$ cat final.cif   # mmCIF, C-alpha atoms and all ligand atoms
data_run
loop_
_atom_site.group_PDB
_atom_site.id
_atom_site.type_symbol
_atom_site.label_atom_id
_atom_site.label_comp_id
_atom_site.auth_asym_id
_atom_site.auth_seq_id
_atom_site.Cartn_x
_atom_site.Cartn_y
_atom_site.Cartn_z
ATOM 1 C CA MET A 1 -14.435 2.653 -18.498
ATOM 2 C CA ALA A 2 -12.193 5.639 -19.317
ATOM 3 C CA GLU A 3 -8.493 4.950 -19.680
ATOM 4 C CA GLN A 4 -6.739 4.902 -16.338
ATOM 5 C CA ARG A 5 -3.648 6.943 -15.463
ATOM 6 C CA ILE A 6 -2.294 5.040 -12.510
ATOM 7 C CA LEU A 7 -0.122 6.073 -9.582
ATOM 8 C CA GLY A 8 1.753 3.335 -7.699
ATOM 9 C CA ALA A 9 2.268 3.814 -3.965
ATOM 10 C CA VAL A 10 4.486 1.806 -1.623
ATOM 11 C CA LEU A 11 3.267 2.176 1.973
ATOM 12 C CA ALA A 12 6.540 2.242 3.844
ATOM 13 C CA GLY A 13 6.104 3.942 7.216
ATOM 14 C CA GLY A 14 5.335 2.321 10.527
ATOM 15 C CA ARG A 15 7.469 1.101 13.380
ATOM 16 C CA SER A 16 8.795 -2.294 12.220
ATOM 17 C CA SER A 17 8.605 -3.257 15.894
ATOM 18 C CA ARG A 18 8.306 -6.974 15.150
ATOM 19 C CA PHE A 19 11.183 -6.811 12.677
ATOM 20 C CA GLY A 20 13.414 -4.911 15.103
ATOM 21 C CA SER A 21 14.842 -2.473 12.540
ATOM 22 C CA ASP A 22 13.530 -0.565 9.514
ATOM 23 C CA LYS A 23 12.241 -3.494 7.441
ATOM 24 C CA ALA A 24 12.016 -1.451 4.220
ATOM 25 C CA LEU A 25 15.823 -1.427 4.132
ATOM 26 C CA ALA A 26 16.289 -5.116 4.932
ATOM 27 C CA PRO A 27 18.192 -6.917 2.164
ATOM 28 C CA MET A 28 16.623 -9.779 0.247
ATOM 29 C CA PRO A 29 18.740 -12.780 -0.827
ATOM 30 C CA ASP A 30 19.589 -10.963 -4.093
ATOM 31 C CA GLY A 31 21.015 -8.026 -2.133
ATOM 32 C CA ARG A 32 18.260 -5.562 -3.036
ATOM 33 C CA THR A 33 16.101 -4.189 -0.243
ATOM 34 C CA LEU A 34 12.476 -5.055 0.446
ATOM 35 C CA LEU A 35 11.596 -1.501 -0.593
ATOM 36 C CA ASP A 36 13.413 -1.969 -3.931
ATOM 37 C CA HIS A 37 11.405 -5.133 -4.549
ATOM 38 C CA ALA A 38 8.102 -3.447 -3.746
ATOM 39 C CA ILE A 39 8.916 -0.586 -6.140
ATOM 40 C CA ALA A 40 9.962 -3.018 -8.870
ATOM 41 C CA GLY A 41 6.700 -4.947 -8.493
ATOM 42 C CA LEU A 42 4.544 -1.880 -9.097
ATOM 43 C CA THR A 43 6.660 -0.157 -11.745
ATOM 44 C CA PRO A 44 5.463 -2.061 -14.862
ATOM 45 C CA HIS A 45 1.833 -1.250 -14.062
ATOM 46 C CA VAL A 46 1.931 2.468 -13.265
ATOM 47 C CA ALA A 47 2.978 5.844 -14.654
ATOM 48 C CA GLN A 48 4.795 6.877 -11.451
ATOM 49 C CA VAL A 49 5.704 5.261 -8.115
ATOM 50 C CA VAL A 50 5.662 7.205 -4.843
ATOM 51 C CA ILE A 51 6.892 6.043 -1.436
ATOM 52 C CA CYS A 52 4.651 7.004 1.482
ATOM 53 C CA GLY A 53 5.668 7.522 5.080
ATOM 54 C CA ARG A 54 9.431 7.877 5.049
ATOM 55 C CA ASN A 55 12.064 10.539 4.420
ATOM 56 C CA GLY A 56 12.280 11.504 0.770
ATOM 57 C CA GLY A 57 8.749 10.312 0.044
ATOM 58 C CA LEU A 58 5.236 11.636 0.545
ATOM 59 C CA THR A 59 4.349 12.684 4.086
ATOM 60 C CA ASP A 60 1.365 10.816 5.498
ATOM 61 C CA ARG A 61 -1.935 12.732 5.717
ATOM 62 C CA PRO A 62 -3.324 14.180 7.886
ATOM 63 C CA ALA A 63 -0.330 13.307 10.110
ATOM 64 C CA PRO A 64 2.432 10.714 10.519
ATOM 65 C CA ASP A 65 1.994 7.567 12.586
ATOM 66 C CA MET A 66 -1.666 6.970 11.749
ATOM 67 C CA GLY A 67 -0.895 3.666 10.102
ATOM 68 C CA PRO A 68 -1.071 2.668 6.431
ATOM 69 C CA LEU A 69 -4.279 4.667 5.815
ATOM 70 C CA GLY A 70 -2.288 7.879 6.378
ATOM 71 C CA GLY A 71 0.045 6.770 3.592
ATOM 72 C CA LEU A 72 -2.846 5.835 1.321
ATOM 73 C CA ASN A 73 -4.398 9.233 1.935
ATOM 74 C CA ALA A 74 -1.160 10.995 0.978
ATOM 75 C CA ALA A 75 -1.041 8.935 -2.226
ATOM 76 C CA LEU A 76 -4.694 9.643 -3.067
ATOM 77 C CA HIS A 77 -4.155 13.389 -2.713
ATOM 78 C CA HIS A 78 -0.975 13.276 -4.778
ATOM 79 C CA ALA A 79 -2.931 11.361 -7.425
ATOM 80 C CA HIS A 80 -5.789 13.858 -7.308
ATOM 81 C CA ASP A 81 -3.458 16.847 -7.609
ATOM 82 C CA HIS A 82 -1.444 15.365 -10.490
ATOM 83 C CA GLY A 83 -4.135 14.025 -12.785
ATOM 84 C CA PHE A 84 -4.068 10.324 -11.938
ATOM 85 C CA THR A 85 -7.303 8.344 -11.990
ATOM 86 C CA GLY A 86 -6.376 6.005 -9.126
ATOM 87 C CA VAL A 87 -3.713 4.411 -6.963
ATOM 88 C CA LEU A 88 -2.348 0.876 -6.856
ATOM 89 C CA THR A 89 -0.810 0.129 -3.462
ATOM 90 C CA THR A 90 1.547 -2.371 -1.949
ATOM 91 C CA GLY A 91 3.459 -2.548 1.322
ATOM 92 C CA CYS A 92 7.222 -2.320 1.643
ATOM 93 C CA ASP A 93 6.994 -5.649 3.454
ATOM 94 C CA MET A 94 5.499 -7.306 0.363
ATOM 95 C CA PRO A 95 8.466 -8.398 -1.790
ATOM 96 C CA LEU A 96 6.365 -10.121 -4.472
ATOM 97 C CA TYR A 97 3.741 -8.379 -6.579
ATOM 98 C CA PRO A 98 1.579 -10.670 -8.755
ATOM 99 C CA ALA A 99 1.854 -9.506 -12.373
ATOM 100 C CA ASP A 100 -1.794 -10.311 -13.084
ATOM 101 C CA LEU A 101 -3.140 -8.535 -10.010
ATOM 102 C CA PRO A 102 -3.699 -5.024 -11.468
ATOM 103 C CA ALA A 103 -6.010 -6.363 -14.172
ATOM 104 C CA ALA A 104 -8.087 -8.084 -11.492
ATOM 105 C CA LEU A 105 -8.188 -5.062 -9.169
ATOM 106 C CA ILE A 106 -8.607 -2.031 -11.404
ATOM 107 C CA GLY A 107 -12.179 -0.941 -12.041
ATOM 108 C CA ALA A 108 -14.692 1.760 -11.220
ATOM 109 C CA ASP A 109 -14.571 1.051 -7.478
ATOM 110 C CA ALA A 110 -11.983 0.162 -4.847
ATOM 111 C CA ALA A 111 -10.730 -3.412 -4.636
ATOM 112 C CA ILE A 112 -8.234 -5.389 -2.573
ATOM 113 C CA LEU A 113 -6.685 -8.839 -2.774
ATOM 114 C CA LYS A 114 -8.304 -11.192 -0.277
ATOM 115 C CA GLY A 115 -6.072 -11.522 2.777
ATOM 116 C CA GLN A 116 -3.717 -8.715 1.650
ATOM 117 C CA GLN A 117 -5.580 -5.506 2.371
ATOM 118 C CA LEU A 118 -2.669 -3.297 1.315
ATOM 119 C CA LEU A 119 -2.584 -4.788 -2.192
ATOM 120 C CA GLY A 120 -5.341 -2.579 -3.487
ATOM 121 C CA TRP A 121 -6.819 -0.292 -6.104
ATOM 122 C CA TRP A 122 -8.195 3.044 -4.942
ATOM 123 C CA PRO A 123 -9.991 5.443 -7.342
ATOM 124 C CA VAL A 124 -8.898 9.028 -6.804
ATOM 125 C CA SER A 125 -12.476 10.042 -5.957
ATOM 126 C CA LEU A 126 -11.917 8.408 -2.545
ATOM 127 C CA ALA A 127 -9.539 11.169 -1.352
ATOM 128 C CA ALA A 128 -12.247 13.291 0.268
ATOM 129 C CA GLU A 129 -13.910 10.230 1.805
ATOM 130 C CA LEU A 130 -10.633 9.095 3.378
ATOM 131 C CA ASP A 131 -10.060 12.619 4.743
ATOM 132 C CA ALA A 132 -13.477 12.394 6.396
ATOM 133 C CA HIS A 133 -12.827 8.870 7.652
ATOM 134 C CA LEU A 134 -9.488 9.785 9.239
ATOM 135 C CA ALA A 135 -10.938 12.927 10.807
ATOM 136 C CA GLU A 136 -13.243 10.731 12.899
ATOM 137 C CA ALA A 137 -11.856 9.244 16.096
ATOM 138 C CA ASN A 138 -10.368 5.741 16.144
ATOM 139 C CA ASN A 139 -10.611 5.189 12.423
ATOM 140 C CA ARG A 140 -7.099 3.921 11.723
ATOM 141 C CA SER A 141 -8.044 0.329 11.021
ATOM 142 C CA ILE A 142 -7.942 -0.685 7.396
ATOM 143 C CA TYR A 143 -10.939 -2.976 8.000
ATOM 144 C CA GLY A 144 -13.187 -0.085 9.039
ATOM 145 C CA TRP A 145 -12.187 1.779 5.881
ATOM 146 C CA LEU A 146 -12.878 -1.239 3.663
ATOM 147 C CA ASP A 147 -16.309 -1.611 5.263
ATOM 148 C CA ARG A 148 -17.061 2.069 4.819
ATOM 149 C CA ILE A 149 -16.384 2.084 1.090
ATOM 150 C CA GLY A 150 -17.604 -1.447 0.365
ATOM 151 C CA ALA A 151 -14.345 -2.440 -1.307
ATOM 152 C CA ARG A 152 -14.495 -5.390 -3.681
ATOM 153 C CA VAL A 153 -12.435 -8.387 -2.555
ATOM 154 C CA VAL A 154 -10.540 -10.193 -5.314
ATOM 155 C CA GLU A 155 -9.707 -13.854 -4.882
ATOM 156 C CA MET A 156 -6.718 -15.426 -6.579
ATOM 157 C CA PRO A 157 -6.946 -19.077 -5.533
ATOM 158 C CA GLY A 158 -3.643 -20.785 -4.893
ATOM 159 C CA LEU A 159 -1.686 -17.548 -4.611
ATOM 160 C CA VAL A 160 0.503 -17.459 -1.497
ATOM 161 C CA LEU A 161 2.363 -14.205 -0.845
ATOM 162 C CA PRO A 162 5.080 -13.684 1.743
ATOM 163 C CA ASN A 163 4.563 -10.806 4.143
ATOM 164 C CA ILE A 164 7.708 -9.792 6.021
ATOM 165 C CA ASN A 165 6.998 -8.928 9.642
ATOM 166 C CA ARG A 166 9.906 -10.599 11.461
ATOM 167 C CA PRO A 167 13.533 -11.326 10.464
ATOM 168 C CA GLU A 168 12.742 -15.039 10.265
ATOM 169 C CA ASP A 169 10.146 -14.332 7.543
ATOM 170 C CA LEU A 170 13.059 -13.448 5.237
ATOM 171 C CA ALA A 171 14.607 -16.853 5.765
ATOM 172 C CA GLY A 172 11.564 -18.504 4.181
ATOM 173 C CA LEU A 173 11.976 -16.688 0.850
HETATM 174 N N1 LIG B 201 2.891 5.295 5.117
HETATM 175 C C1 LIG B 201 2.748 4.515 6.181
HETATM 176 N N2 LIG B 201 2.923 3.190 6.053
HETATM 177 C C2 LIG B 201 2.776 2.428 7.158
HETATM 178 C C3 LIG B 201 2.443 2.971 8.435
HETATM 179 N N3 LIG B 201 2.371 1.947 9.329
HETATM 180 C C4 LIG B 201 2.640 0.828 8.637
HETATM 181 N N4 LIG B 201 2.884 1.109 7.326
HETATM 182 C C5 LIG B 201 3.217 0.168 6.263
HETATM 183 O O1 LIG B 201 2.154 -0.763 6.165
HETATM 184 C C6 LIG B 201 2.651 -2.080 5.964
HETATM 185 C C7 LIG B 201 2.162 -2.984 7.077
HETATM 186 O O2 LIG B 201 2.691 -2.481 8.279
HETATM 187 P P1 LIG B 201 2.690 -3.362 9.603
HETATM 188 O O3 LIG B 201 3.635 -4.501 9.471
HETATM 189 O O4 LIG B 201 1.277 -3.712 9.967
HETATM 190 O O5 LIG B 201 3.190 -2.322 10.697
HETATM 191 P P2 LIG B 201 4.653 -1.836 11.021
HETATM 192 O O6 LIG B 201 4.509 -0.657 11.931
HETATM 193 O O7 LIG B 201 5.440 -1.653 9.759
HETATM 194 O O8 LIG B 201 5.322 -3.056 11.808
HETATM 195 P P3 LIG B 201 5.018 -3.552 13.328
HETATM 196 O O9 LIG B 201 5.499 -2.463 14.248
HETATM 197 O O10 LIG B 201 5.832 -4.794 13.454
HETATM 198 O O11 LIG B 201 3.532 -3.792 13.399
HETATM 199 C C8 LIG B 201 4.164 -1.944 5.883
HETATM 200 O O12 LIG B 201 4.515 -1.869 4.520
HETATM 201 C C9 LIG B 201 4.452 -0.637 6.593
HETATM 202 O O13 LIG B 201 5.620 -0.016 6.103
HETATM 203 C C10 LIG B 201 2.278 4.383 8.543
HETATM 204 O O14 LIG B 201 2.012 4.954 9.614
HETATM 205 N N5 LIG B 201 2.433 5.094 7.384
#
$ encode --input "final.cif" --output "structure tokens"
Amino acid sequence: MAEQRILGAVLAGGRSSRFGSDKALAPMPDGRTLLDHAIAGLTPHVAQVVICGRNGGLTDRPAPDMGPLGGLNAALHHAHDHGFTGVLTTGCDMPLYPADLPAALIGADAAILKGQQLLGWWPVSLAAELDAHLAEANNRSIYGWLDRIGARVVEMPGLVLPNINRPEDLAGL
């Protein structure tokens, strides 16, 4: 496989309706925000990190408020236009990023971590396919996209990752 030039993307839009306020900016026990933690998790593995779906970051494609796939599509097009071979993604509500995950995910085709569909690897060649997918009606679900492209599912037995949806999820960290 050719050497990869990897873009990291934190999917950080959405409504945070269960959290009750913008969860990306919620502080962790160490005082840094969830968004800071997500960025720090990706940084060692990528040449650049972009934030998708919030002010100052990439604007979702083809439009805002289409869910995480709109953010992934923005990242894939940024990667395509700037000479990256693929995108590693995480969510802003994912404060831990397993250090050995990129080696398990990155390959010729798309892959996700079992149970954490936003922890994924997406070759840049998928940009046109995701455009087509999102142009069809009712195609916002990540599961439909994973089915469409036949994404590989990586298992890491014993790994338990926190996913912050509600304020009380922070208390368990
Ligand atoms: N770029 C982008 N990211 C999104 C969008 N919707 C959700 N996300 C991100 O995807 C991850 C999972 O989001 P969810 O928790 O399912 O949705 P949410 O809207 O953030 O929260 P709820 O309103 O509580 O469902 C989080 O990191 C969100 O920031 C979107 O429209 N665009």
$ closest_residue --input "final.cif" --among "A:Gly8, A:Pro98, A:Gly67, A:Gly172" --to "ligand LIG 201 (chain B)" --atoms "all atoms listed in the file"
A:Gly67
$ residues_near_ligand --input "final.cif" --ligand "ligand LIG 201 (chain B)" --cutoff "6 Å" --atoms "all atoms listed in the file" --output "list in words"
Leu11, Ala12, Gly13, Gly14, Arg15, Ser16, Ser17, Arg18, Phe19, Cys52, Gly53, Asp60, Pro64, Asp65, Met66, Gly67, Pro68, Gly70, Gly71, Gly91, Cys92, Asp93 and Asn165 of chain A
$ atom_distance --input "final.cif" --atom1 "atom CA of Pro29 of chain A" --atom2 "atom CA of Val160 of chain A"
18.8 Å
$ atom_distance --input "final.cif" --atom1 "atom CA of Ala47 of chain A" --atom2 "atom CA of Arg5 of chain A"
6.8 Å
$ axis_aligned_box --input "final.cif" --around "segment 131-140 of chain A" --padding-each-side "4 Å" --output "lines of an AutoDock Vina configuration file"
center_x = -10.3
center_y = 8.4
center_z = 10.4
size_x = 14.4
size_y = 17.0
size_z = 19.4
$ atom_distance --input "final.cif" --atom1 "atom CA of Ser21 of chain A" --atom2 "atom CA of Ala38 of chain A"
17.7 Å
$ resolve_selection --input "final.cif" --expression "the PyMOL selection byres (((chain A and resi 142-159) around 12) and not hetatm)" --output "ChimeraX atom specification"
/A:66-73,96-123,125-134,136-141,160-162
$ closest_residue --input "final.cif" --among "A:Leu173, A:Ile51, A:Met94, A:Leu76" --to "His37 of chain A" --atoms "all atoms listed in the file"
A:Met94
$ decode --input "final.cif" --residues "segment 83-117 of chain A" --atoms "C-alpha atoms" --output "PDB file, in the first residue's frame"
ATOM      1  CA  GLY A  83      -3.540  15.930  -1.318  1.00  0.00           C
ATOM      2  CA  PHE A  84      -4.452  13.674   1.597  1.00  0.00           C
ATOM      3  CA  THR A  85      -5.016   9.974   0.982  1.00  0.00           C
ATOM      4  CA  GLY A  86      -7.729   9.546   3.625  1.00  0.00           C
ATOM      5  CA  VAL A  87      -9.429  10.788   6.768  1.00  0.00           C
ATOM      6  CA  LEU A  88      -9.381   9.490  10.330  1.00  0.00           C
ATOM      7  CA  THR A  89     -12.469  10.639  12.222  1.00  0.00           C
ATOM      8  CA  THR A  90     -13.606  10.963  15.786  1.00  0.00           C
ATOM      9  CA  GLY A  91     -16.495  12.744  17.480  1.00  0.00           C
ATOM     10  CA  CYS A  92     -16.145  15.723  19.787  1.00  0.00           C
ATOM     11  CA  ASP A  93     -18.048  13.636  22.323  1.00  0.00           C
ATOM     12  CA  MET A  94     -15.309  10.985  22.299  1.00  0.00           C
ATOM     13  CA  PRO A  95     -12.695  12.142  24.841  1.00  0.00           C
ATOM     14  CA  LEU A  96     -10.466   9.060  24.513  1.00  0.00           C
ATOM     15  CA  TYR A  97      -8.810   7.953  21.290  1.00  0.00           C
ATOM     16  CA  PRO A  98      -7.103   4.528  21.399  1.00  0.00           C
ATOM     17  CA  ALA A  99      -3.466   4.961  20.349  1.00  0.00           C
ATOM     18  CA  ASP A 100      -3.426   1.630  18.515  1.00  0.00           C
ATOM     19  CA  LEU A 101      -6.644   2.256  16.600  1.00  0.00           C
ATOM     20  CA  PRO A 102      -5.222   3.934  13.448  1.00  0.00           C
ATOM     21  CA  ALA A 103      -2.998   0.946  12.693  1.00  0.00           C
ATOM     22  CA  ALA A 104      -6.042  -1.324  12.900  1.00  0.00           C
ATOM     23  CA  LEU A 105      -8.272   0.930  10.783  1.00  0.00           C
ATOM     24  CA  ILE A 106      -6.073   2.281   8.009  1.00  0.00           C
ATOM     25  CA  GLY A 107      -6.046   0.262   4.803  1.00  0.00           C
ATOM     26  CA  ALA A 108      -7.229   0.300   1.214  1.00  0.00           C
ATOM     27  CA  ASP A 109     -10.909   0.477   2.191  1.00  0.00           C
ATOM     28  CA  ALA A 110     -13.066   2.196   4.799  1.00  0.00           C
ATOM     29  CA  ALA A 111     -13.140   0.805   8.327  1.00  0.00           C
ATOM     30  CA  ILE A 112     -14.781   1.657  11.641  1.00  0.00           C
ATOM     31  CA  LEU A 113     -14.395   0.506  15.228  1.00  0.00           C
ATOM     32  CA  LYS A 114     -17.193  -1.867  16.192  1.00  0.00           C
ATOM     33  CA  GLY A 115     -19.816   0.018  18.189  1.00  0.00           C
ATOM     34  CA  GLN A 116     -18.226   3.436  17.495  1.00  0.00           C
ATOM     35  CA  GLN A 117     -19.183   4.273  13.936  1.00  0.00           C
TER      36      GLN A 117
END
